[in-house]
$ cat protein-v5.cif   # mmCIF, N, CA and C atoms
data_my_file
#
loop_
_atom_site.label_atom_id
_atom_site.label_comp_id
_atom_site.auth_asym_id
_atom_site.auth_seq_id
_atom_site.Cartn_x
_atom_site.Cartn_y
_atom_site.Cartn_z
N MET A 297 -5.93 2.30 -8.58
CA MET A 297 -6.66 2.10 -7.36
C MET A 297 -8.02 2.78 -7.45
N GLU A 298 -8.81 2.27 -8.36
CA GLU A 298 -10.16 2.80 -8.56
C GLU A 298 -11.01 2.69 -7.30
N MET A 299 -10.80 1.63 -6.52
CA MET A 299 -11.64 1.45 -5.33
C MET A 299 -11.43 2.57 -4.33
N VAL A 300 -10.21 3.07 -4.23
CA VAL A 300 -9.94 4.18 -3.31
C VAL A 300 -10.69 5.42 -3.77
N ASP A 301 -10.60 5.73 -5.05
CA ASP A 301 -11.31 6.89 -5.59
C ASP A 301 -12.81 6.75 -5.40
N LEU A 302 -13.34 5.59 -5.68
CA LEU A 302 -14.78 5.37 -5.57
C LEU A 302 -15.25 5.54 -4.13
N MET A 303 -14.56 4.93 -3.20
CA MET A 303 -14.96 5.05 -1.79
C MET A 303 -14.85 6.49 -1.30
N TYR A 304 -13.82 7.18 -1.75
CA TYR A 304 -13.61 8.55 -1.31
C TYR A 304 -14.68 9.48 -1.88
N ARG A 305 -15.02 9.31 -3.15
CA ARG A 305 -15.99 10.19 -3.81
C ARG A 305 -17.41 9.96 -3.32
N THR A 306 -17.72 8.77 -2.86
CA THR A 306 -19.10 8.47 -2.47
C THR A 306 -19.41 8.79 -1.01
N THR A 307 -18.49 9.43 -0.30
CA THR A 307 -18.76 9.80 1.09
C THR A 307 -19.01 11.29 1.20
N ALA A 308 -19.69 11.65 2.26
CA ALA A 308 -19.91 13.08 2.53
C ALA A 308 -18.62 13.67 3.09
N ASP A 309 -18.65 14.95 3.37
CA ASP A 309 -17.43 15.62 3.80
C ASP A 309 -17.18 15.57 5.31
N SER A 310 -18.05 14.94 6.06
CA SER A 310 -17.84 14.93 7.51
C SER A 310 -16.65 14.03 7.86
N LYS A 311 -16.02 14.34 8.98
CA LYS A 311 -14.84 13.61 9.42
C LYS A 311 -15.15 12.13 9.69
N ASN A 312 -16.32 11.83 10.25
CA ASN A 312 -16.68 10.44 10.54
C ASN A 312 -16.81 9.61 9.28
N ASP A 313 -17.33 10.21 8.21
CA ASP A 313 -17.47 9.48 6.96
C ASP A 313 -16.10 9.14 6.37
N LYS A 314 -15.16 10.06 6.47
CA LYS A 314 -13.81 9.81 5.95
C LYS A 314 -13.14 8.70 6.76
N GLU A 315 -13.34 8.71 8.07
CA GLU A 315 -12.77 7.65 8.90
C GLU A 315 -13.36 6.29 8.55
N SER A 316 -14.64 6.26 8.19
CA SER A 316 -15.23 4.99 7.79
C SER A 316 -14.64 4.51 6.46
N VAL A 317 -14.29 5.44 5.58
CA VAL A 317 -13.62 5.06 4.32
C VAL A 317 -12.25 4.47 4.63
N PHE A 318 -11.50 5.11 5.53
CA PHE A 318 -10.18 4.59 5.91
C PHE A 318 -10.32 3.18 6.48
N TYR A 319 -11.31 3.00 7.34
CA TYR A 319 -11.54 1.70 7.96
C TYR A 319 -11.88 0.64 6.90
N LYS A 320 -12.77 0.98 5.98
CA LYS A 320 -13.17 0.03 4.94
C LYS A 320 -11.99 -0.36 4.06
N LEU A 321 -11.15 0.61 3.71
CA LEU A 321 -9.97 0.31 2.88
C LEU A 321 -9.00 -0.59 3.62
N GLU A 322 -8.81 -0.32 4.92
CA GLU A 322 -7.88 -1.12 5.71
C GLU A 322 -8.40 -2.54 5.86
N VAL A 323 -9.69 -2.69 6.09
CA VAL A 323 -10.29 -4.03 6.23
C VAL A 323 -10.23 -4.79 4.91
N LEU A 324 -10.47 -4.11 3.82
CA LEU A 324 -10.37 -4.74 2.50
C LEU A 324 -8.94 -5.23 2.26
N GLY A 325 -7.95 -4.40 2.56
CA GLY A 325 -6.55 -4.80 2.43
C GLY A 325 -6.22 -5.97 3.34
N TYR A 326 -6.76 -5.96 4.55
CA TYR A 326 -6.54 -7.04 5.51
C TYR A 326 -7.04 -8.37 4.95
N GLN A 327 -8.24 -8.36 4.37
CA GLN A 327 -8.80 -9.58 3.80
C GLN A 327 -7.99 -10.07 2.60
N VAL A 328 -7.53 -9.15 1.78
CA VAL A 328 -6.70 -9.52 0.63
C VAL A 328 -5.37 -10.10 1.10
N GLY A 329 -4.75 -9.48 2.10
CA GLY A 329 -3.49 -9.99 2.65
C GLY A 329 -3.63 -11.39 3.21
N GLN A 330 -4.71 -11.63 3.94
CA GLN A 330 -4.95 -12.97 4.49
C GLN A 330 -5.13 -13.99 3.36
N SER A 331 -5.87 -13.62 2.35
CA SER A 331 -6.12 -14.54 1.23
C SER A 331 -4.84 -14.85 0.46
N LEU A 332 -4.01 -13.84 0.25
CA LEU A 332 -2.75 -14.06 -0.47
C LEU A 332 -1.84 -15.01 0.28
N VAL A 333 -1.70 -14.80 1.59
CA VAL A 333 -0.83 -15.68 2.37
C VAL A 333 -1.40 -17.09 2.41
N GLU A 334 -2.71 -17.21 2.52
CA GLU A 334 -3.32 -18.53 2.53
C GLU A 334 -3.02 -19.27 1.23
N ARG A 335 -3.09 -18.55 0.13
CA ARG A 335 -2.83 -19.16 -1.17
C ARG A 335 -1.34 -19.51 -1.34
N PHE A 336 -0.45 -18.58 -0.98
CA PHE A 336 0.98 -18.79 -1.21
C PHE A 336 1.62 -19.77 -0.24
N THR A 337 1.03 -19.96 0.93
CA THR A 337 1.63 -20.86 1.92
C THR A 337 0.85 -22.16 2.06
N ARG A 338 0.02 -22.45 1.11
CA ARG A 338 -0.84 -23.64 1.16
C ARG A 338 -0.02 -24.91 1.37
N ASP A 339 1.11 -25.04 0.71
CA ASP A 339 1.91 -26.26 0.78
C ASP A 339 3.16 -26.11 1.63
N ARG A 340 3.19 -25.11 2.47
CA ARG A 340 4.37 -24.87 3.31
C ARG A 340 3.99 -24.92 4.78
N PRO A 341 4.93 -25.33 5.63
CA PRO A 341 4.63 -25.37 7.07
C PRO A 341 4.56 -23.95 7.66
N ARG A 342 3.80 -23.81 8.73
CA ARG A 342 3.69 -22.53 9.43
C ARG A 342 4.98 -22.25 10.21
N PHE A 343 5.15 -21.00 10.62
CA PHE A 343 6.30 -20.64 11.44
C PHE A 343 6.23 -21.39 12.76
N GLY A 344 7.37 -21.90 13.21
CA GLY A 344 7.41 -22.61 14.47
C GLY A 344 7.45 -21.69 15.67
N ASP A 345 8.17 -20.59 15.56
CA ASP A 345 8.34 -19.66 16.68
C ASP A 345 8.00 -18.25 16.20
N THR A 346 7.30 -17.52 17.03
CA THR A 346 6.97 -16.14 16.65
C THR A 346 8.08 -15.20 17.07
N LEU A 347 8.07 -14.04 16.50
CA LEU A 347 9.09 -13.04 16.79
C LEU A 347 8.84 -12.36 18.12
N ASP A 348 9.88 -11.77 18.66
CA ASP A 348 9.72 -10.96 19.86
C ASP A 348 9.09 -9.63 19.49
N VAL A 349 8.80 -8.86 20.53
CA VAL A 349 8.26 -7.52 20.29
C VAL A 349 9.32 -6.72 19.57
N ASP A 350 8.97 -6.14 18.45
CA ASP A 350 9.93 -5.40 17.65
C ASP A 350 9.21 -4.39 16.78
N VAL A 351 9.99 -3.46 16.24
CA VAL A 351 9.46 -2.49 15.28
C VAL A 351 10.33 -2.55 14.04
N TYR A 352 9.69 -2.69 12.90
CA TYR A 352 10.40 -2.72 11.63
C TYR A 352 9.95 -1.53 10.80
N VAL A 353 10.90 -0.89 10.15
CA VAL A 353 10.59 0.25 9.29
C VAL A 353 11.02 -0.11 7.87
N LEU A 354 10.05 -0.10 6.97
CA LEU A 354 10.31 -0.39 5.56
C LEU A 354 10.11 0.89 4.77
N GLN A 355 11.13 1.28 4.03
CA GLN A 355 11.03 2.50 3.24
C GLN A 355 11.10 2.16 1.76
N ASP A 356 10.12 2.61 1.03
CA ASP A 356 10.06 2.38 -0.41
C ASP A 356 10.21 3.73 -1.10
N ASN A 357 11.29 3.91 -1.82
CA ASN A 357 11.55 5.20 -2.48
C ASN A 357 10.83 5.34 -3.81
N ASN A 358 10.29 4.26 -4.33
CA ASN A 358 9.54 4.28 -5.58
C ASN A 358 8.27 3.47 -5.45
N PHE A 359 7.43 3.84 -4.50
CA PHE A 359 6.17 3.13 -4.28
C PHE A 359 5.33 3.24 -5.54
N ARG A 360 5.07 2.11 -6.17
CA ARG A 360 4.43 2.10 -7.50
C ARG A 360 3.10 2.83 -7.56
N TRP A 361 2.33 2.78 -6.50
CA TRP A 361 1.03 3.45 -6.53
C TRP A 361 1.19 4.96 -6.58
N PHE A 362 2.36 5.48 -6.21
CA PHE A 362 2.57 6.93 -6.18
C PHE A 362 3.39 7.44 -7.36
N LEU A 363 3.88 6.57 -8.23
CA LEU A 363 4.79 7.00 -9.29
C LEU A 363 4.19 8.05 -10.22
N ARG A 364 2.94 7.90 -10.57
CA ARG A 364 2.32 8.84 -11.51
C ARG A 364 1.28 9.73 -10.85
N MET A 365 1.33 9.83 -9.55
CA MET A 365 0.35 10.61 -8.83
C MET A 365 0.74 12.09 -8.81
N SER A 366 -0.21 12.93 -9.14
CA SER A 366 0.02 14.37 -9.06
C SER A 366 -1.32 15.08 -8.92
N THR A 367 -1.28 16.30 -8.44
CA THR A 367 -2.47 17.14 -8.35
C THR A 367 -2.11 18.51 -8.87
N GLU A 368 -3.12 19.34 -9.04
CA GLU A 368 -2.85 20.70 -9.53
C GLU A 368 -1.94 21.47 -8.58
N GLY A 369 -2.19 21.34 -7.28
CA GLY A 369 -1.38 22.06 -6.30
C GLY A 369 0.01 21.48 -6.14
N GLY A 370 0.14 20.17 -6.36
CA GLY A 370 1.43 19.50 -6.20
C GLY A 370 1.91 19.57 -4.76
N GLY A 371 3.13 19.16 -4.52
CA GLY A 371 3.77 19.26 -3.22
C GLY A 371 2.95 18.74 -2.06
N ALA A 372 2.64 19.64 -1.12
CA ALA A 372 1.95 19.26 0.11
C ALA A 372 0.54 18.72 -0.17
N GLU A 373 -0.13 19.29 -1.15
CA GLU A 373 -1.49 18.83 -1.47
C GLU A 373 -1.46 17.40 -2.01
N ALA A 374 -0.51 17.10 -2.87
CA ALA A 374 -0.40 15.75 -3.43
C ALA A 374 -0.07 14.75 -2.32
N THR A 375 0.82 15.13 -1.42
CA THR A 375 1.19 14.26 -0.31
C THR A 375 0.00 14.00 0.59
N LYS A 376 -0.78 15.04 0.85
CA LYS A 376 -1.97 14.89 1.70
C LYS A 376 -2.98 13.93 1.07
N LYS A 377 -3.18 14.03 -0.23
CA LYS A 377 -4.12 13.14 -0.91
C LYS A 377 -3.57 11.72 -1.03
N ALA A 378 -2.26 11.58 -1.07
CA ALA A 378 -1.65 10.25 -1.21
C ALA A 378 -1.85 9.39 0.03
N VAL A 379 -2.02 10.02 1.19
CA VAL A 379 -2.20 9.27 2.43
C VAL A 379 -3.41 8.34 2.33
N LEU A 380 -4.44 8.75 1.63
CA LEU A 380 -5.63 7.92 1.45
C LEU A 380 -5.28 6.58 0.80
N TYR A 381 -4.30 6.56 -0.06
CA TYR A 381 -3.92 5.35 -0.77
C TYR A 381 -3.04 4.41 0.06
N LEU A 382 -2.67 4.81 1.26
CA LEU A 382 -1.82 3.98 2.10
C LEU A 382 -2.62 3.05 3.01
N TRP A 383 -3.91 3.29 3.18
CA TRP A 383 -4.72 2.46 4.07
C TRP A 383 -4.83 1.02 3.57
N PHE A 384 -5.01 0.84 2.28
CA PHE A 384 -5.14 -0.51 1.72
C PHE A 384 -3.85 -1.32 1.91
N PRO A 385 -2.67 -0.80 1.53
CA PRO A 385 -1.46 -1.61 1.74
C PRO A 385 -1.16 -1.87 3.22
N CYS A 386 -1.53 -0.94 4.11
CA CYS A 386 -1.35 -1.20 5.54
C CYS A 386 -2.18 -2.41 5.96
N GLY A 387 -3.42 -2.44 5.52
CA GLY A 387 -4.28 -3.59 5.83
C GLY A 387 -3.76 -4.86 5.20
N LEU A 388 -3.23 -4.77 3.98
CA LEU A 388 -2.69 -5.93 3.29
C LEU A 388 -1.52 -6.53 4.07
N ILE A 389 -0.61 -5.70 4.52
CA ILE A 389 0.55 -6.18 5.29
C ILE A 389 0.09 -6.79 6.61
N ARG A 390 -0.82 -6.10 7.30
CA ARG A 390 -1.32 -6.59 8.59
C ARG A 390 -2.05 -7.92 8.43
N GLY A 391 -2.87 -8.04 7.38
CA GLY A 391 -3.59 -9.29 7.14
C GLY A 391 -2.66 -10.44 6.81
N ALA A 392 -1.64 -10.16 6.00
CA ALA A 392 -0.68 -11.20 5.63
C ALA A 392 0.08 -11.69 6.87
N LEU A 393 0.54 -10.76 7.68
CA LEU A 393 1.27 -11.15 8.90
C LEU A 393 0.36 -11.90 9.87
N ASN A 394 -0.88 -11.45 10.00
CA ASN A 394 -1.81 -12.10 10.90
C ASN A 394 -2.06 -13.55 10.48
N ASN A 395 -2.18 -13.79 9.20
CA ASN A 395 -2.41 -15.15 8.72
C ASN A 395 -1.17 -16.03 8.91
N LEU A 396 -0.02 -15.41 9.08
CA LEU A 396 1.20 -16.16 9.40
C LEU A 396 1.37 -16.34 10.91
N GLY A 397 0.42 -15.81 11.69
CA GLY A 397 0.47 -15.96 13.14
C GLY A 397 1.23 -14.84 13.83
N VAL A 398 1.44 -13.74 13.15
CA VAL A 398 2.18 -12.61 13.72
C VAL A 398 1.23 -11.44 13.93
N VAL A 399 0.98 -11.09 15.19
CA VAL A 399 0.10 -9.97 15.50
C VAL A 399 0.88 -8.68 15.31
N SER A 400 0.31 -7.74 14.55
CA SER A 400 1.06 -6.52 14.24
C SER A 400 0.15 -5.32 14.10
N VAL A 401 0.78 -4.15 14.14
CA VAL A 401 0.14 -2.88 13.83
C VAL A 401 0.98 -2.24 12.74
N VAL A 402 0.34 -1.79 11.66
CA VAL A 402 1.06 -1.22 10.53
C VAL A 402 0.63 0.23 10.35
N ILE A 403 1.62 1.11 10.29
CA ILE A 403 1.38 2.54 10.09
C ILE A 403 2.21 2.98 8.89
N ALA A 404 1.61 3.79 8.03
CA ALA A 404 2.34 4.28 6.86
C ALA A 404 2.30 5.79 6.82
N GLU A 405 3.33 6.37 6.23
CA GLU A 405 3.37 7.82 6.05
C GLU A 405 4.18 8.15 4.81
N THR A 406 3.92 9.32 4.29
CA THR A 406 4.68 9.79 3.14
C THR A 406 4.93 11.28 3.31
N THR A 407 6.13 11.71 2.96
CA THR A 407 6.46 13.13 3.04
C THR A 407 6.76 13.69 1.66
N VAL A 408 7.30 12.85 0.80
CA VAL A 408 7.63 13.25 -0.57
C VAL A 408 7.21 12.11 -1.49
N LEU A 409 6.48 12.43 -2.53
CA LEU A 409 6.08 11.40 -3.49
C LEU A 409 7.22 11.09 -4.44
N PRO A 410 7.44 9.88 -4.83
CA PRO A 410 6.70 8.64 -4.61
C PRO A 410 7.20 7.82 -3.43
N GLN A 411 7.84 8.43 -2.47
CA GLN A 411 8.41 7.71 -1.33
C GLN A 411 7.35 7.50 -0.25
N CYS A 412 7.40 6.33 0.41
CA CYS A 412 6.55 6.10 1.58
C CYS A 412 7.29 5.19 2.55
N THR A 413 6.87 5.27 3.81
CA THR A 413 7.50 4.50 4.87
C THR A 413 6.42 3.72 5.61
N PHE A 414 6.64 2.42 5.77
CA PHE A 414 5.74 1.57 6.54
C PHE A 414 6.43 1.21 7.84
N GLN A 415 5.76 1.46 8.95
CA GLN A 415 6.28 1.10 10.26
C GLN A 415 5.44 -0.06 10.77
N ILE A 416 6.09 -1.19 11.03
CA ILE A 416 5.39 -2.41 11.44
C ILE A 416 5.81 -2.74 12.87
N LYS A 417 4.84 -2.70 13.78
CA LYS A 417 5.09 -3.03 15.19
C LYS A 417 4.55 -4.43 15.43
N ILE A 418 5.44 -5.32 15.85
CA ILE A 418 5.07 -6.72 16.05
C ILE A 418 5.08 -7.03 17.53
N ALA A 419 3.99 -7.62 18.00
CA ALA A 419 3.88 -8.01 19.40
C ALA A 419 4.00 -9.52 19.52
N LYS A 420 4.61 -9.97 20.59
CA LYS A 420 4.73 -11.42 20.80
C LYS A 420 3.35 -11.95 21.16
N SER A 421 2.94 -12.98 20.44
CA SER A 421 1.58 -13.51 20.68
C SER A 421 1.62 -14.80 21.48
#

$ encode --input "protein-v5.cif" --output "structure tokens"
Amino acid sequence: MEMVDLMYRTTADSKNDKESVFYKLEVLGYQVGQSLVERFTRDRPRFGDTLDVDVYVLQDNNFRWFLRMSTEGGGAEATKKAVLYLWFPCGLIRGALNNLGVVSVVIAETTVLPQCTFQIKIAKS
């Protein structure tokens, strides 16, 4: 995930700059998710009925992006730095669902590497 490192390194240390990096990563993931669904569902019909309001929790115990991640401090420091890498997949999931006609909010968290949890809140549209 070179793009995450590049965006993070090229910003100043102010809180607003970091939030703009998070936003850019999420938007980039959103666009990729929309493009992937558009490509994969090109020859398939759209969903006929949308889902009700619901919350889905997806837990990945071996999230590939975190498998070889480590820092000198390890533990809490590594987990804190790993959160930056979750913005892109959150956007990717949200973009994919949006292109399928499902309005959602995606939140991710990690407490122990390489595990992460995605919480997907779906609203009836």

$ atom_distance --input "protein-v5.cif" --atom1 "atom CA of A:Tyr381" --atom2 "atom CA of A:Lys314"
12.8 Å

$ atom_distance --input "protein-v5.cif" --atom1 "atom N of A:Trp383" --atom2 "atom C of A:Thr337"
25.9 Å

$ residues_around --input "protein-v5.cif" --residues "stretch 349-353 of chain A" --least-positions-apart "3" --cutoff "6.5 Å" --atoms "only N, CA and C atoms" --output "list of chain:residue names"
A:Thr413, A:Phe414, A:Gln415, A:Ile416, A:Lys417, A:Ile418, A:Ala419, A:Lys420

$ residues_around --input "protein-v5.cif" --residues "stretch 404-411 of chain A" --least-positions-apart "5" --cutoff "10 Å" --atoms "only C-alpha atoms" --output "VMD selection string"
chain A and resid 353 to 366 370 to 372 374 to 376 378 to 379 381 to 383 385 to 386 416

$ closest_atom_pairs --input "protein-v5.cif" --of "stretch 357-392 of chain A" --to "stretch 326-332 of chain A" --cutoff "10 Å" --atoms "only C-alpha atoms" --output "JSON lines"
{"residue": "A:Trp383", "atom": "CA", "partner": "A:Tyr326", "partner_atom": "CA", "distance": 9.8}
{"residue": "A:Phe384", "atom": "CA", "partner": "A:Tyr326", "partner_atom": "CA", "distance": 7.7}
{"residue": "A:Pro385", "atom": "CA", "partner": "A:Tyr326", "partner_atom": "CA", "distance": 8.3}
{"residue": "A:Cys386", "atom": "CA", "partner": "A:Tyr326", "partner_atom": "CA", "distance": 7.8}
{"residue": "A:Gly387", "atom": "CA", "partner": "A:Tyr326", "partner_atom": "CA", "distance": 4.1}
{"residue": "A:Leu388", "atom": "CA", "partner": "A:Gly329", "partner_atom": "CA", "distance": 4.2}
{"residue": "A:Ile389", "atom": "CA", "partner": "A:Gly329", "partner_atom": "CA", "distance": 6.1}
{"residue": "A:Arg390", "atom": "CA", "partner": "A:Tyr326", "partner_atom": "CA", "distance": 6.1}
{"residue": "A:Gly391", "atom": "CA", "partner": "A:Tyr326", "partner_atom": "CA", "distance": 4.1}
{"residue": "A:Ala392", "atom": "CA", "partner": "A:Gly329", "partner_atom": "CA", "distance": 4.3}

$ decode --input "protein-v5.cif" --residues "stretch 380-407 of chain A" --atoms "N, CA and C atoms" --output "compact mmCIF listing (two decimals), in the first residue's frame"
# COMPACT_ATOMS: atom_id res chain seq x y z
N LEU A 380 -4.54 3.71 9.77
CA LEU A 380 -4.41 4.48 8.54
C LEU A 380 -4.70 3.62 7.30
N TYR A 381 -4.35 2.36 7.37
CA TYR A 381 -4.52 1.46 6.23
C TYR A 381 -5.96 0.94 6.09
N LEU A 382 -6.83 1.27 7.01
CA LEU A 382 -8.21 0.80 6.95
C LEU A 382 -9.13 1.75 6.19
N TRP A 383 -8.70 2.98 5.95
CA TRP A 383 -9.56 3.94 5.25
C TRP A 383 -9.84 3.52 3.81
N PHE A 384 -8.85 3.02 3.12
CA PHE A 384 -9.05 2.59 1.72
C PHE A 384 -10.04 1.43 1.61
N PRO A 385 -9.88 0.34 2.38
CA PRO A 385 -10.86 -0.74 2.25
C PRO A 385 -12.27 -0.34 2.70
N CYS A 386 -12.38 0.59 3.66
CA CYS A 386 -13.71 1.08 4.04
C CYS A 386 -14.37 1.76 2.85
N GLY A 387 -13.62 2.61 2.16
CA GLY A 387 -14.15 3.26 0.98
C GLY A 387 -14.47 2.28 -0.12
N LEU A 388 -13.63 1.26 -0.28
CA LEU A 388 -13.85 0.24 -1.30
C LEU A 388 -15.17 -0.50 -1.07
N ILE A 389 -15.41 -0.90 0.17
CA ILE A 389 -16.66 -1.61 0.50
C ILE A 389 -17.86 -0.69 0.29
N ARG A 390 -17.76 0.55 0.76
CA ARG A 390 -18.86 1.51 0.63
C ARG A 390 -19.15 1.81 -0.84
N GLY A 391 -18.11 1.97 -1.66
CA GLY A 391 -18.30 2.24 -3.08
C GLY A 391 -18.93 1.06 -3.80
N ALA A 392 -18.49 -0.15 -3.46
CA ALA A 392 -19.05 -1.34 -4.09
C ALA A 392 -20.54 -1.48 -3.76
N LEU A 393 -20.87 -1.31 -2.49
CA LEU A 393 -22.28 -1.42 -2.08
C LEU A 393 -23.12 -0.32 -2.71
N ASN A 394 -22.58 0.89 -2.78
CA ASN A 394 -23.31 2.00 -3.37
C ASN A 394 -23.62 1.74 -4.84
N ASN A 395 -22.68 1.17 -5.56
CA ASN A 395 -22.91 0.87 -6.97
C ASN A 395 -23.93 -0.25 -7.15
N LEU A 396 -24.14 -1.03 -6.11
CA LEU A 396 -25.18 -2.07 -6.15
C LEU A 396 -26.53 -1.52 -5.68
N GLY A 397 -26.56 -0.23 -5.33
CA GLY A 397 -27.80 0.40 -4.89
C GLY A 397 -28.05 0.31 -3.40
N VAL A 398 -27.02 0.00 -2.64
CA VAL A 398 -27.16 -0.15 -1.19
C VAL A 398 -26.41 0.99 -0.50
N VAL A 399 -27.15 1.88 0.16
CA VAL A 399 -26.53 3.00 0.87
C VAL A 399 -26.00 2.48 2.20
N SER A 400 -24.73 2.78 2.49
CA SER A 400 -24.13 2.22 3.69
C SER A 400 -23.10 3.16 4.30
N VAL A 401 -22.75 2.86 5.54
CA VAL A 401 -21.65 3.50 6.25
C VAL A 401 -20.74 2.37 6.71
N VAL A 402 -19.45 2.49 6.45
CA VAL A 402 -18.50 1.43 6.80
C VAL A 402 -17.48 1.99 7.78
N ILE A 403 -17.33 1.28 8.90
CA ILE A 403 -16.37 1.66 9.93
C ILE A 403 -15.47 0.45 10.19
N ALA A 404 -14.18 0.70 10.33
CA ALA A 404 -13.24 -0.40 10.59
C ALA A 404 -12.43 -0.10 11.83
N GLU A 405 -12.03 -1.16 12.51
CA GLU A 405 -11.17 -1.00 13.69
C GLU A 405 -10.29 -2.23 13.83
N THR A 406 -9.19 -2.04 14.52
CA THR A 406 -8.30 -3.15 14.80
C THR A 406 -7.77 -3.00 16.21
N THR A 407 -7.69 -4.11 16.92
CA THR A 407 -7.14 -4.09 18.27
C THR A 407 -5.86 -4.91 18.36
